[in-house]
Amino acid sequence: MSEISDASGGSFGTKMKMELEQLFTRSDGAYVFARWGRPIVPVVFGVDDASLAVFKGAIEATVALANHQMAETDPELGANLMVFFCQDWAELPEVPHLDSLVPDLGPLVAKLQKADANQYRIFRFDEAGSIRAAFVFLRMDDHLAAVAADTLALSQAVQTILLWSDMAFDETPPLAMIDGKAVLRPEIADVIRAAYDPVMPVAATDASHALRLGARVGAMRHG
């Protein structure tokens, strides 16, 4: 099981509300927050057994941080967090039944090829607005291939435990390097814990949610 450690230092300080809003305000200006509403059941395709263990360990550690749950199977989907590794985006349409899970797979592959992207995440939601499934696609280009497996695994686990803004980590990644080891930044760990507090909603589209989230972060830090 991967270990999640907080890097020393770091705080939202007096800018907490603004920074929390930015984590969930998308590039179109909409505030959109969601957390998982059901136990997470991961499956990873396209890696060896060693890498599979690293990824599942990172997911388990992140779920434990959130005080959420995992399960052996999802009654609706079987697995609800699917991670796909490939060398080329053109491989995705060859994956059996993937087009039924991702109906616009063809146009998506073309979009990813045009953008020369190396990763992409898709979320699906239930009637309450909470996350019911997530699909993670990783193309192992030179950049991702140079990232240590445990770092890549933890980064993806953190980025799928909540519906973050598409710009949330453009300037500051969720992980920091301490003595050569990737650890979760403390302010991001606090947000994840607070977001999964039972008193918090599973989904929100109003920026006032950031105020409530900030209050939970503050209560945890001083509790």
# chains A, B, ... in the order shown; residues from 1 in each chain; ligands from 1
>>> residues_around(residues="region 73-78 of chain A", least_positions_apart="3", cutoff="9 Å", atoms="only C-alpha atoms", output="short mmCIF file (atom, residue, chain, number, x, y, z; two decimals) with N, CA and C atoms, in the first residue's frame")
data_model
loop_
_atom_site.label_atom_id
_atom_site.label_comp_id
_atom_site.auth_asym_id
_atom_site.auth_seq_id
_atom_site.Cartn_x
_atom_site.Cartn_y
_atom_site.Cartn_z
N ARG A 38 -20.04 6.54 -4.10
CA ARG A 38 -20.09 5.08 -3.93
C ARG A 38 -18.68 4.57 -3.71
N PRO A 39 -18.52 3.36 -3.19
CA PRO A 39 -17.17 2.80 -3.02
C PRO A 39 -16.44 2.74 -4.36
N ILE A 40 -15.15 2.94 -4.33
CA ILE A 40 -14.34 2.96 -5.55
C ILE A 40 -13.81 1.55 -5.83
N VAL A 41 -13.97 1.14 -7.08
CA VAL A 41 -13.49 -0.17 -7.53
C VAL A 41 -12.57 0.06 -8.73
N PRO A 42 -11.26 0.05 -8.51
CA PRO A 42 -10.34 0.37 -9.61
C PRO A 42 -9.92 -0.84 -10.43
N MET A 70 -13.50 1.52 -0.49
CA MET A 70 -13.28 0.77 -1.71
C MET A 70 -14.11 -0.50 -1.63
N ALA A 133 -18.35 7.17 -11.79
CA ALA A 133 -17.31 6.46 -12.54
C ALA A 133 -16.29 7.48 -13.05
#
>>> select_by_dssp(residues="region 51-95 of chain A", states="alpha helix (DSSP H)", output="ChimeraX atom specification")
/A:51-65
>>> write_last_selection(atoms="all heavy atoms", output="short mmCIF file (atom, residue, chain, number, x, y, z; two decimals), in the first residue's frame")
data_model
loop_
_atom_site.label_atom_id
_atom_site.label_comp_id
_atom_site.auth_asym_id
_atom_site.auth_seq_id
_atom_site.Cartn_x
_atom_site.Cartn_y
_atom_site.Cartn_z
N SER A 51 3.60 -2.57 -11.56
CA SER A 51 3.00 -1.24 -11.71
C SER A 51 1.54 -1.26 -11.26
O SER A 51 1.03 -0.29 -10.70
CB SER A 51 3.09 -0.77 -13.16
OG SER A 51 4.44 -0.62 -13.55
N LEU A 52 0.87 -2.38 -11.51
CA LEU A 52 -0.53 -2.52 -11.08
C LEU A 52 -0.62 -2.39 -9.57
O LEU A 52 -1.50 -1.69 -9.04
CB LEU A 52 -1.07 -3.86 -11.54
CG LEU A 52 -2.48 -4.23 -11.07
CD1 LEU A 52 -3.50 -3.24 -11.60
CD2 LEU A 52 -2.83 -5.66 -11.52
N ALA A 53 0.28 -3.05 -8.86
CA ALA A 53 0.28 -2.99 -7.40
C ALA A 53 0.54 -1.58 -6.90
O ALA A 53 -0.07 -1.12 -5.93
CB ALA A 53 1.33 -3.95 -6.84
N VAL A 54 1.44 -0.86 -7.58
CA VAL A 54 1.75 0.52 -7.20
C VAL A 54 0.51 1.40 -7.37
O VAL A 54 0.17 2.21 -6.49
CB VAL A 54 2.92 1.06 -8.04
CG1 VAL A 54 3.08 2.57 -7.83
CG2 VAL A 54 4.22 0.35 -7.66
N PHE A 55 -0.19 1.25 -8.49
CA PHE A 55 -1.36 2.07 -8.75
C PHE A 55 -2.48 1.77 -7.76
O PHE A 55 -3.11 2.68 -7.22
CB PHE A 55 -1.85 1.86 -10.19
CG PHE A 55 -1.53 3.02 -11.09
CD1 PHE A 55 -0.27 3.15 -11.62
CD2 PHE A 55 -2.47 4.00 -11.35
CE1 PHE A 55 0.05 4.22 -12.43
CE2 PHE A 55 -2.16 5.08 -12.15
CZ PHE A 55 -0.89 5.20 -12.70
N LYS A 56 -2.73 0.51 -7.52
CA LYS A 56 -3.81 0.17 -6.59
C LYS A 56 -3.45 0.63 -5.18
O LYS A 56 -4.32 1.06 -4.42
CB LYS A 56 -4.08 -1.33 -6.64
CG LYS A 56 -4.79 -1.75 -7.93
CD LYS A 56 -5.43 -3.12 -7.82
CE LYS A 56 -6.30 -3.39 -9.03
NZ LYS A 56 -6.98 -4.70 -8.96
N GLY A 57 -2.18 0.55 -4.83
CA GLY A 57 -1.76 1.03 -3.52
C GLY A 57 -1.96 2.53 -3.37
O GLY A 57 -2.39 3.01 -2.31
N ALA A 58 -1.67 3.29 -4.42
CA ALA A 58 -1.85 4.74 -4.38
C ALA A 58 -3.33 5.09 -4.26
O ALA A 58 -3.71 6.02 -3.53
CB ALA A 58 -1.25 5.38 -5.63
N ILE A 59 -4.18 4.36 -4.97
CA ILE A 59 -5.62 4.61 -4.88
C ILE A 59 -6.13 4.28 -3.49
O ILE A 59 -6.90 5.04 -2.90
CB ILE A 59 -6.36 3.79 -5.95
CG1 ILE A 59 -5.99 4.29 -7.36
CG2 ILE A 59 -7.87 3.88 -5.75
CD1 ILE A 59 -6.45 3.37 -8.47
N GLU A 60 -5.68 3.16 -2.93
CA GLU A 60 -6.09 2.78 -1.58
C GLU A 60 -5.69 3.85 -0.56
O GLU A 60 -6.46 4.18 0.34
CB GLU A 60 -5.46 1.44 -1.21
CG GLU A 60 -6.05 0.25 -1.95
CD GLU A 60 -5.28 -1.02 -1.67
OE1 GLU A 60 -4.28 -0.97 -0.92
OE2 GLU A 60 -5.66 -2.08 -2.21
N ALA A 61 -4.48 4.36 -0.70
CA ALA A 61 -3.99 5.36 0.24
C ALA A 61 -4.79 6.65 0.14
O ALA A 61 -5.11 7.29 1.15
CB ALA A 61 -2.50 5.63 0.00
N THR A 62 -5.12 7.05 -1.07
CA THR A 62 -5.88 8.28 -1.28
C THR A 62 -7.31 8.13 -0.77
O THR A 62 -7.87 9.04 -0.17
CB THR A 62 -5.87 8.66 -2.77
OG1 THR A 62 -4.53 8.75 -3.24
CG2 THR A 62 -6.55 10.01 -2.99
N VAL A 63 -7.90 6.97 -1.01
CA VAL A 63 -9.25 6.71 -0.51
C VAL A 63 -9.25 6.70 1.02
O VAL A 63 -10.18 7.22 1.66
CB VAL A 63 -9.77 5.37 -1.07
CG1 VAL A 63 -11.07 4.96 -0.38
CG2 VAL A 63 -10.01 5.49 -2.57
N ALA A 64 -8.21 6.14 1.62
CA ALA A 64 -8.12 6.13 3.08
C ALA A 64 -7.97 7.54 3.62
O ALA A 64 -8.56 7.89 4.66
CB ALA A 64 -6.93 5.27 3.52
N LEU A 65 -7.20 8.38 2.94
CA LEU A 65 -7.05 9.79 3.33
C LEU A 65 -8.41 10.48 3.36
O LEU A 65 -8.71 11.25 4.28
CB LEU A 65 -6.12 10.51 2.36
CG LEU A 65 -6.03 12.03 2.50
CD1 LEU A 65 -5.26 12.40 3.76
CD2 LEU A 65 -5.38 12.65 1.27
#
>>> closest_residue(among="A:Leu184, A:Leu211, A:Leu81, A:Val109", to="Glu94 (chain A)", atoms="only C-alpha atoms")
A:Val109
>>> residues_around(residues="Thr151 (chain A)", least_positions_apart="2", cutoff="12 Å", atoms="only C-alpha atoms", output="JSON, numbers by chain")
{"A": [2, 3, 4, 51, 54, 55, 57, 58, 59, 144, 145, 146, 147, 148, 149, 153, 154, 155, 156, 157, 158, 173, 174, 175, 176, 177, 178, 180, 181, 182, 183, 184]}
>>> residues_around(residues="Gly37 (chain A)", least_positions_apart="3", cutoff="10 Å", atoms="only C-alpha atoms", output="compact mmCIF listing (two decimals) with N, CA and C atoms, in the first residue's frame")
# COMPACT_ATOMS: atom_id res chain seq x y z
N ALA A 34 -17.52 17.86 -7.09
CA ALA A 34 -18.17 16.56 -6.87
C ALA A 34 -17.17 15.62 -6.21
N ILE A 40 -15.15 2.94 -4.33
CA ILE A 40 -14.34 2.96 -5.55
C ILE A 40 -13.81 1.55 -5.83
N HIS A 68 -12.99 7.48 2.70
CA HIS A 68 -14.02 6.92 1.83
C HIS A 68 -13.85 5.40 1.82
N GLN A 69 -14.50 4.72 0.90
CA GLN A 69 -14.46 3.26 0.88
C GLN A 69 -14.06 2.74 -0.50
N PHE A 125 -21.47 10.90 -13.61
CA PHE A 125 -22.11 11.30 -12.37
C PHE A 125 -23.47 10.63 -12.21
N ASP A 126 -23.91 10.49 -10.94
CA ASP A 126 -25.23 9.93 -10.68
C ASP A 126 -26.25 11.06 -10.56
N ALA A 128 -27.55 12.42 -8.05
CA ALA A 128 -27.26 13.39 -6.99
C ALA A 128 -26.09 14.31 -7.36
N GLY A 129 -25.44 14.03 -8.49
CA GLY A 129 -24.31 14.83 -8.91
C GLY A 129 -22.97 14.31 -8.45
N SER A 130 -22.96 13.23 -7.67
CA SER A 130 -21.70 12.67 -7.19
C SER A 130 -21.06 11.80 -8.28
N ILE A 131 -19.77 11.55 -8.13
CA ILE A 131 -19.05 10.77 -9.12
C ILE A 131 -19.48 9.30 -9.03
N ARG A 132 -19.85 8.73 -10.16
CA ARG A 132 -20.20 7.31 -10.21
C ARG A 132 -19.16 6.49 -10.97
N ALA A 133 -18.35 7.17 -11.79
CA ALA A 133 -17.31 6.46 -12.54
C ALA A 133 -16.29 7.48 -13.05
N TYR A 196 -14.71 15.24 1.97
CA TYR A 196 -15.39 13.99 2.27
C TYR A 196 -15.99 13.95 3.68
N VAL A 202 -22.27 16.10 -1.54
CA VAL A 202 -21.51 15.27 -2.48
C VAL A 202 -21.22 16.02 -3.77
N ALA A 203 -21.98 17.09 -4.03
CA ALA A 203 -21.79 17.89 -5.23
C ALA A 203 -22.24 19.31 -4.97
>>> residues_around(residues="Val102 (chain A)", least_positions_apart="5", cutoff="12 Å", atoms="only C-alpha atoms", output="list in words")
Met82, Leu92, Pro93, Val95, Pro96, His97, Pro107, Leu108, Val109, Arg121, Ile122, Phe123, Arg124, Ala133, Ala134, Phe135, Val136 and Phe137 of chain A
>>> write_last_selection(atoms="C-alpha atoms", output="tab-separated table (two decimals), in the first residue's frame")
chain	number	residue	atom	x	y	z
A	82	MET	CA	-10.69	2.50	-15.00
A	92	LEU	CA	-7.86	3.04	-27.57
A	93	PRO	CA	-10.50	2.19	-30.23
A	95	VAL	CA	-9.90	-1.90	-26.60
A	96	PRO	CA	-12.95	-4.23	-26.50
A	97	HIS	CA	-16.19	-2.52	-25.44
A	107	PRO	CA	-13.71	12.10	-31.76
A	108	LEU	CA	-11.95	12.02	-28.38
A	109	VAL	CA	-8.98	10.11	-29.83
A	121	ARG	CA	-9.77	12.02	-17.48
A	122	ILE	CA	-13.50	11.55	-17.94
A	123	PHE	CA	-16.02	11.54	-15.08
A	124	ARG	CA	-19.56	10.20	-14.97
A	133	ALA	CA	-17.31	6.46	-12.54
A	134	ALA	CA	-14.02	7.83	-13.84
A	135	PHE	CA	-11.89	6.88	-16.84
A	136	VAL	CA	-8.21	7.80	-16.91
A	137	PHE	CA	-6.23	7.60	-20.15
>>> closest_residue(among="A:Phe84, A:Phe169, A:Phe33, A:Trp89", to="Met200 (chain A)", atoms="only C-alpha atoms")
A:Phe33
>>> select_by_dssp(residues="region 87-223 of chain A", states="strand (DSSP E or B)", output="compact mmCIF listing (two decimals) with all heavy atoms, in the first residue's frame")
# COMPACT_ATOMS: atom_id res chain seq x y z
N GLN A 119 -2.40 12.73 -21.26
CA GLN A 119 -3.33 12.21 -20.26
C GLN A 119 -4.69 12.88 -20.41
O GLN A 119 -4.80 14.01 -20.89
CB GLN A 119 -2.80 12.41 -18.84
CG GLN A 119 -2.46 13.84 -18.47
CD GLN A 119 -1.81 13.91 -17.10
OE1 GLN A 119 -2.45 13.65 -16.09
NE2 GLN A 119 -0.53 14.26 -17.06
N TYR A 120 -5.71 12.16 -19.98
CA TYR A 120 -7.07 12.68 -20.08
C TYR A 120 -7.95 11.93 -19.09
O TYR A 120 -7.78 10.72 -18.89
CB TYR A 120 -7.62 12.49 -21.51
CG TYR A 120 -8.90 13.25 -21.78
CD1 TYR A 120 -8.89 14.62 -21.99
CD2 TYR A 120 -10.12 12.59 -21.84
CE1 TYR A 120 -10.05 15.32 -22.25
CE2 TYR A 120 -11.29 13.28 -22.10
CZ TYR A 120 -11.25 14.65 -22.30
OH TYR A 120 -12.41 15.34 -22.55
N ARG A 121 -8.87 12.63 -18.46
CA ARG A 121 -9.77 12.02 -17.48
C ARG A 121 -11.22 12.36 -17.82
O ARG A 121 -11.52 13.50 -18.17
CB ARG A 121 -9.44 12.50 -16.06
CG ARG A 121 -8.21 11.87 -15.46
CD ARG A 121 -7.79 12.54 -14.16
NE ARG A 121 -7.32 13.90 -14.37
CZ ARG A 121 -6.06 14.19 -14.75
NH1 ARG A 121 -5.19 13.23 -14.94
NH2 ARG A 121 -5.69 15.45 -14.93
N ILE A 122 -12.07 11.37 -17.72
CA ILE A 122 -13.50 11.55 -17.94
C ILE A 122 -14.25 11.10 -16.68
O ILE A 122 -13.93 10.04 -16.12
CB ILE A 122 -14.01 10.71 -19.13
CG1 ILE A 122 -13.29 11.11 -20.42
CG2 ILE A 122 -15.52 10.85 -19.30
CD1 ILE A 122 -13.62 10.21 -21.60
N PHE A 123 -15.22 11.89 -16.25
CA PHE A 123 -16.02 11.54 -15.08
C PHE A 123 -17.47 11.34 -15.49
O PHE A 123 -17.98 12.02 -16.39
CB PHE A 123 -15.95 12.64 -14.02
CG PHE A 123 -14.60 12.78 -13.36
CD1 PHE A 123 -13.60 13.55 -13.94
CD2 PHE A 123 -14.31 12.13 -12.16
CE1 PHE A 123 -12.35 13.69 -13.35
CE2 PHE A 123 -13.07 12.26 -11.56
CZ PHE A 123 -12.09 13.04 -12.15
N ARG A 124 -18.13 10.41 -14.81
CA ARG A 124 -19.56 10.20 -14.97
C ARG A 124 -20.22 10.41 -13.60
O ARG A 124 -19.61 10.10 -12.57
CB ARG A 124 -19.86 8.79 -15.48
CG ARG A 124 -19.29 8.52 -16.88
CD ARG A 124 -20.11 9.21 -17.95
NE ARG A 124 -19.64 8.85 -19.30
CZ ARG A 124 -18.83 9.60 -20.03
NH1 ARG A 124 -18.39 10.76 -19.54
NH2 ARG A 124 -18.47 9.22 -21.23
N PHE A 125 -21.47 10.90 -13.61
CA PHE A 125 -22.11 11.30 -12.37
C PHE A 125 -23.47 10.63 -12.21
O PHE A 125 -24.12 10.26 -13.19
CB PHE A 125 -22.26 12.83 -12.33
CG PHE A 125 -20.98 13.56 -12.59
CD1 PHE A 125 -20.63 13.96 -13.87
CD2 PHE A 125 -20.10 13.82 -11.55
CE1 PHE A 125 -19.43 14.61 -14.11
CE2 PHE A 125 -18.90 14.46 -11.78
CZ PHE A 125 -18.56 14.86 -13.06
N ILE A 131 -19.77 11.55 -8.13
CA ILE A 131 -19.05 10.77 -9.12
C ILE A 131 -19.48 9.30 -9.03
O ILE A 131 -19.47 8.71 -7.95
CB ILE A 131 -17.53 10.87 -8.89
CG1 ILE A 131 -17.07 12.33 -8.99
CG2 ILE A 131 -16.77 10.01 -9.90
CD1 ILE A 131 -15.63 12.55 -8.55
N ARG A 132 -19.85 8.73 -10.16
CA ARG A 132 -20.20 7.31 -10.21
C ARG A 132 -19.16 6.49 -10.97
O ARG A 132 -19.10 5.27 -10.80
CB ARG A 132 -21.58 7.10 -10.85
CG ARG A 132 -21.67 7.55 -12.29
CD ARG A 132 -23.09 7.40 -12.84
NE ARG A 132 -23.40 6.01 -13.17
CZ ARG A 132 -23.24 5.50 -14.39
NH1 ARG A 132 -22.77 6.26 -15.38
NH2 ARG A 132 -23.56 4.25 -14.64
N ALA A 133 -18.35 7.17 -11.79
CA ALA A 133 -17.31 6.46 -12.54
C ALA A 133 -16.29 7.48 -13.05
O ALA A 133 -16.60 8.65 -13.23
CB ALA A 133 -17.91 5.69 -13.72
N ALA A 134 -15.07 6.99 -13.26
CA ALA A 134 -14.02 7.83 -13.84
C ALA A 134 -13.17 6.97 -14.75
O ALA A 134 -12.90 5.79 -14.45
CB ALA A 134 -13.16 8.47 -12.75
N PHE A 135 -12.76 7.55 -15.87
CA PHE A 135 -11.89 6.88 -16.84
C PHE A 135 -10.64 7.73 -17.00
O PHE A 135 -10.73 8.93 -17.29
CB PHE A 135 -12.60 6.74 -18.18
CG PHE A 135 -13.94 6.04 -18.09
CD1 PHE A 135 -15.10 6.76 -17.85
CD2 PHE A 135 -14.02 4.66 -18.22
CE1 PHE A 135 -16.33 6.13 -17.76
CE2 PHE A 135 -15.25 4.01 -18.12
CZ PHE A 135 -16.41 4.75 -17.89
N VAL A 136 -9.49 7.11 -16.81
CA VAL A 136 -8.21 7.80 -16.91
C VAL A 136 -7.42 7.20 -18.06
O VAL A 136 -7.22 5.97 -18.12
CB VAL A 136 -7.39 7.67 -15.61
CG1 VAL A 136 -6.06 8.40 -15.72
CG2 VAL A 136 -8.19 8.19 -14.42
N PHE A 137 -7.00 8.05 -18.99
CA PHE A 137 -6.23 7.60 -20.15
C PHE A 137 -4.83 8.22 -20.09
O PHE A 137 -4.70 9.45 -19.98
CB PHE A 137 -6.93 8.00 -21.45
CG PHE A 137 -8.34 7.47 -21.55
CD1 PHE A 137 -9.43 8.29 -21.29
CD2 PHE A 137 -8.58 6.15 -21.90
CE1 PHE A 137 -10.72 7.81 -21.38
CE2 PHE A 137 -9.87 5.65 -22.00
CZ PHE A 137 -10.95 6.48 -21.73
N LEU A 138 -3.82 7.38 -20.17
CA LEU A 138 -2.43 7.85 -20.08
C LEU A 138 -1.64 7.33 -21.28
O LEU A 138 -1.56 6.12 -21.50
CB LEU A 138 -1.79 7.35 -18.78
CG LEU A 138 -2.46 7.79 -17.48
CD1 LEU A 138 -1.89 7.04 -16.29
CD2 LEU A 138 -2.29 9.30 -17.29
N ARG A 139 -1.09 8.26 -22.06
CA ARG A 139 -0.21 7.89 -23.17
C ARG A 139 1.23 8.06 -22.71
O ARG A 139 1.65 9.16 -22.37
CB ARG A 139 -0.48 8.77 -24.40
CG ARG A 139 0.40 8.44 -25.61
CD ARG A 139 0.02 9.28 -26.81
NE ARG A 139 0.30 10.69 -26.61
CZ ARG A 139 1.48 11.27 -26.88
NH1 ARG A 139 2.50 10.55 -27.33
NH2 ARG A 139 1.64 12.57 -26.69
N LEU A 162 -11.51 13.63 -6.44
CA LEU A 162 -12.48 14.72 -6.52
C LEU A 162 -12.56 15.22 -7.95
O LEU A 162 -11.63 15.00 -8.74
CB LEU A 162 -12.07 15.90 -5.62
CG LEU A 162 -12.08 15.71 -4.11
CD1 LEU A 162 -11.47 16.92 -3.42
CD2 LEU A 162 -13.49 15.46 -3.58
N LEU A 175 1.39 17.36 -5.92
CA LEU A 175 2.46 16.68 -5.20
C LEU A 175 3.68 17.57 -5.09
O LEU A 175 3.89 18.48 -5.89
CB LEU A 175 2.86 15.39 -5.93
CG LEU A 175 1.76 14.39 -6.27
CD1 LEU A 175 2.37 13.13 -6.87
CD2 LEU A 175 0.89 14.06 -5.07
N ALA A 176 4.49 17.29 -4.07
CA ALA A 176 5.78 17.97 -3.88
C ALA A 176 6.84 16.90 -3.67
O ALA A 176 6.54 15.79 -3.24
CB ALA A 176 5.72 18.91 -2.68
N MET A 177 8.08 17.25 -4.00
CA MET A 177 9.18 16.31 -3.81
C MET A 177 9.92 16.64 -2.52
O MET A 177 10.39 17.76 -2.34
CB MET A 177 10.13 16.37 -5.00
CG MET A 177 9.51 15.99 -6.33
SD MET A 177 8.83 14.31 -6.39
CE MET A 177 10.34 13.34 -6.17
N ILE A 178 9.97 15.69 -1.62
CA ILE A 178 10.69 15.83 -0.36
C ILE A 178 11.72 14.70 -0.27
O ILE A 178 11.35 13.52 -0.25
CB ILE A 178 9.73 15.77 0.85
CG1 ILE A 178 8.67 16.87 0.74
CG2 ILE A 178 10.52 15.90 2.15
CD1 ILE A 178 9.21 18.27 0.81
N LYS A 181 11.28 11.99 -2.72
CA LYS A 181 10.03 11.21 -2.67
C LYS A 181 8.84 12.13 -2.91
O LYS A 181 8.76 13.22 -2.35
CB LYS A 181 9.91 10.53 -1.30
CG LYS A 181 8.64 9.70 -1.14
CD LYS A 181 8.59 9.06 0.23
CE LYS A 181 7.30 8.29 0.45
NZ LYS A 181 7.13 7.19 -0.51
N ALA A 182 7.92 11.68 -3.73
CA ALA A 182 6.71 12.46 -4.01
C ALA A 182 5.73 12.32 -2.86
O ALA A 182 5.40 11.20 -2.45
CB ALA A 182 6.07 11.99 -5.30
N VAL A 183 5.28 13.45 -2.32
CA VAL A 183 4.30 13.45 -1.24
C VAL A 183 3.18 14.43 -1.60
O VAL A 183 3.37 15.37 -2.37
CB VAL A 183 4.92 13.84 0.11
CG1 VAL A 183 5.97 12.82 0.53
CG2 VAL A 183 5.53 15.24 0.05
N LEU A 184 2.04 14.19 -1.03
CA LEU A 184 0.89 15.05 -1.27
C LEU A 184 1.06 16.37 -0.54
O LEU A 184 1.40 16.40 0.65
CB LEU A 184 -0.38 14.34 -0.81
CG LEU A 184 -1.72 15.05 -1.02
CD1 LEU A 184 -1.94 15.37 -2.49
CD2 LEU A 184 -2.85 14.19 -0.47
N ALA A 203 -21.98 17.09 -4.03
CA ALA A 203 -21.79 17.89 -5.23
C ALA A 203 -22.24 19.31 -4.97
O ALA A 203 -23.09 19.55 -4.10
CB ALA A 203 -22.57 17.29 -6.41
N ALA A 204 -21.67 20.26 -5.71
CA ALA A 204 -22.04 21.67 -5.54
C ALA A 204 -21.71 22.44 -6.81
O ALA A 204 -20.72 22.14 -7.49
CB ALA A 204 -21.31 22.29 -4.35
>>> closest_residue(among="A:Val32, A:Leu20, A:Val83, A:Ala66", to="Val44 (chain A)", atoms="only C-alpha atoms")
A:Val83
>>> residues_around(residues="Ala219 (chain A)", least_positions_apart="6", cutoff="12 Å", atoms="only C-alpha atoms", output="PyMOL selection string")
chain A and resi 190-191+193-194+197+212-213
>>> write_last_selection(atoms="all heavy atoms", output="PDB file, in the first residue's frame")
ATOM      1  N   ASP A 190      -5.658  18.457   2.994  1.00  0.00           N
ATOM      2  CA  ASP A 190      -6.710  19.047   3.835  1.00  0.00           C
ATOM      3  C   ASP A 190      -8.020  19.191   3.063  1.00  0.00           C
ATOM      4  O   ASP A 190      -9.105  18.943   3.605  1.00  0.00           O
ATOM      5  CB  ASP A 190      -6.271  20.419   4.344  1.00  0.00           C
ATOM      6  CG  ASP A 190      -5.239  20.334   5.457  1.00  0.00           C
ATOM      7  OD1 ASP A 190      -5.030  19.223   5.991  1.00  0.00           O
ATOM      8  OD2 ASP A 190      -4.626  21.370   5.785  1.00  0.00           O
ATOM      9  N   VAL A 191      -7.925  19.615   1.802  1.00  0.00           N
ATOM     10  CA  VAL A 191      -9.128  19.788   0.983  1.00  0.00           C
ATOM     11  C   VAL A 191      -9.828  18.447   0.776  1.00  0.00           C
ATOM     12  O   VAL A 191     -11.055  18.350   0.878  1.00  0.00           O
ATOM     13  CB  VAL A 191      -8.785  20.436  -0.370  1.00  0.00           C
ATOM     14  CG1 VAL A 191     -10.002  20.423  -1.302  1.00  0.00           C
ATOM     15  CG2 VAL A 191      -8.313  21.864  -0.175  1.00  0.00           C
ATOM     16  N   ARG A 193      -9.687  15.735   2.680  1.00  0.00           N
ATOM     17  CA  ARG A 193     -10.315  15.312   3.937  1.00  0.00           C
ATOM     18  C   ARG A 193     -11.606  16.087   4.198  1.00  0.00           C
ATOM     19  O   ARG A 193     -12.639  15.515   4.563  1.00  0.00           O
ATOM     20  CB  ARG A 193      -9.348  15.529   5.098  1.00  0.00           C
ATOM     21  CG  ARG A 193      -8.115  14.636   5.095  1.00  0.00           C
ATOM     22  CD  ARG A 193      -7.360  14.791   6.412  1.00  0.00           C
ATOM     23  NE  ARG A 193      -6.063  14.163   6.399  1.00  0.00           N
ATOM     24  CZ  ARG A 193      -4.911  14.803   6.216  1.00  0.00           C
ATOM     25  NH1 ARG A 193      -4.903  16.113   6.033  1.00  0.00           N
ATOM     26  NH2 ARG A 193      -3.769  14.148   6.221  1.00  0.00           N
ATOM     27  N   ALA A 194     -11.541  17.398   4.023  1.00  0.00           N
ATOM     28  CA  ALA A 194     -12.711  18.244   4.289  1.00  0.00           C
ATOM     29  C   ALA A 194     -13.841  17.950   3.316  1.00  0.00           C
ATOM     30  O   ALA A 194     -15.018  17.928   3.695  1.00  0.00           O
ATOM     31  CB  ALA A 194     -12.311  19.716   4.207  1.00  0.00           C
ATOM     32  N   ASP A 197     -15.951  15.081   4.381  1.00  0.00           N
ATOM     33  CA  ASP A 197     -16.625  15.139   5.673  1.00  0.00           C
ATOM     34  C   ASP A 197     -18.117  14.874   5.449  1.00  0.00           C
ATOM     35  O   ASP A 197     -18.727  15.428   4.521  1.00  0.00           O
ATOM     36  CB  ASP A 197     -16.421  16.527   6.292  1.00  0.00           C
ATOM     37  CG  ASP A 197     -16.894  16.599   7.734  1.00  0.00           C
ATOM     38  OD1 ASP A 197     -18.094  16.382   7.975  1.00  0.00           O
ATOM     39  OD2 ASP A 197     -16.057  16.857   8.616  1.00  0.00           O
ATOM     40  N   ARG A 212     -17.911  26.873   2.939  1.00  0.00           N
ATOM     41  CA  ARG A 212     -18.146  25.725   3.815  1.00  0.00           C
ATOM     42  C   ARG A 212     -16.926  24.813   3.855  1.00  0.00           C
ATOM     43  O   ARG A 212     -16.545  24.286   4.892  1.00  0.00           O
ATOM     44  CB  ARG A 212     -19.371  24.935   3.335  1.00  0.00           C
ATOM     45  CG  ARG A 212     -20.691  25.693   3.446  1.00  0.00           C
ATOM     46  CD  ARG A 212     -21.848  24.775   3.103  1.00  0.00           C
ATOM     47  NE  ARG A 212     -21.924  23.634   4.027  1.00  0.00           N
ATOM     48  CZ  ARG A 212     -22.733  22.594   3.858  1.00  0.00           C
ATOM     49  NH1 ARG A 212     -23.520  22.537   2.794  1.00  0.00           N
ATOM     50  NH2 ARG A 212     -22.741  21.612   4.737  1.00  0.00           N
ATOM     51  N   LEU A 213     -16.313  24.630   2.673  1.00  0.00           N
ATOM     52  CA  LEU A 213     -15.129  23.786   2.598  1.00  0.00           C
ATOM     53  C   LEU A 213     -13.991  24.384   3.420  1.00  0.00           C
ATOM     54  O   LEU A 213     -13.288  23.692   4.158  1.00  0.00           O
ATOM     55  CB  LEU A 213     -14.718  23.623   1.142  1.00  0.00           C
ATOM     56  CG  LEU A 213     -13.723  22.511   0.794  1.00  0.00           C
ATOM     57  CD1 LEU A 213     -14.251  21.162   1.241  1.00  0.00           C
ATOM     58  CD2 LEU A 213     -13.438  22.507  -0.705  1.00  0.00           C
TER      59      LEU A 213
END
>>> atom_distance(atom1="CA of Lys111 (chain A)", atom2="CA of Phe85 (chain A)")
17.2 Å
>>> residues_around(residues="Ala168 (chain A)", least_positions_apart="2", cutoff="10 Å", atoms="only C-alpha atoms", output="mmCIF file with C-alpha atoms, in the first residue's frame")
data_model
loop_
_atom_site.group_PDB
_atom_site.id
_atom_site.type_symbol
_atom_site.label_atom_id
_atom_site.label_comp_id
_atom_site.auth_asym_id
_atom_site.auth_seq_id
_atom_site.Cartn_x
_atom_site.Cartn_y
_atom_site.Cartn_z
ATOM 1 C CA GLU A 19 -7.785 29.512 -3.500
ATOM 2 C CA LEU A 20 -10.479 26.969 -2.723
ATOM 3 C CA GLU A 21 -12.727 28.545 -5.355
ATOM 4 C CA GLN A 22 -9.929 28.315 -7.897
ATOM 5 C CA LEU A 23 -9.541 24.589 -7.266
ATOM 6 C CA PHE A 24 -13.105 23.984 -8.454
ATOM 7 C CA THR A 25 -13.752 26.882 -10.869
ATOM 8 C CA ARG A 26 -13.434 25.657 -14.429
ATOM 9 C CA SER A 27 -11.988 27.498 -17.396
ATOM 10 C CA GLN A 159 -6.746 13.898 -9.423
ATOM 11 C CA LEU A 163 -13.735 16.587 -9.560
ATOM 12 C CA TRP A 164 -11.128 19.340 -9.597
ATOM 13 C CA SER A 165 -11.127 22.297 -11.957
ATOM 14 C CA ASP A 166 -9.488 21.638 -15.323
ATOM 15 C CA ASP A 170 -1.769 24.251 -13.885
ATOM 16 C CA GLU A 171 0.531 26.374 -11.735
ATOM 17 C CA THR A 172 1.128 24.198 -8.675
ATOM 18 C CA PRO A 173 0.970 20.399 -8.889
ATOM 19 C CA PRO A 174 -0.786 18.438 -6.136
#
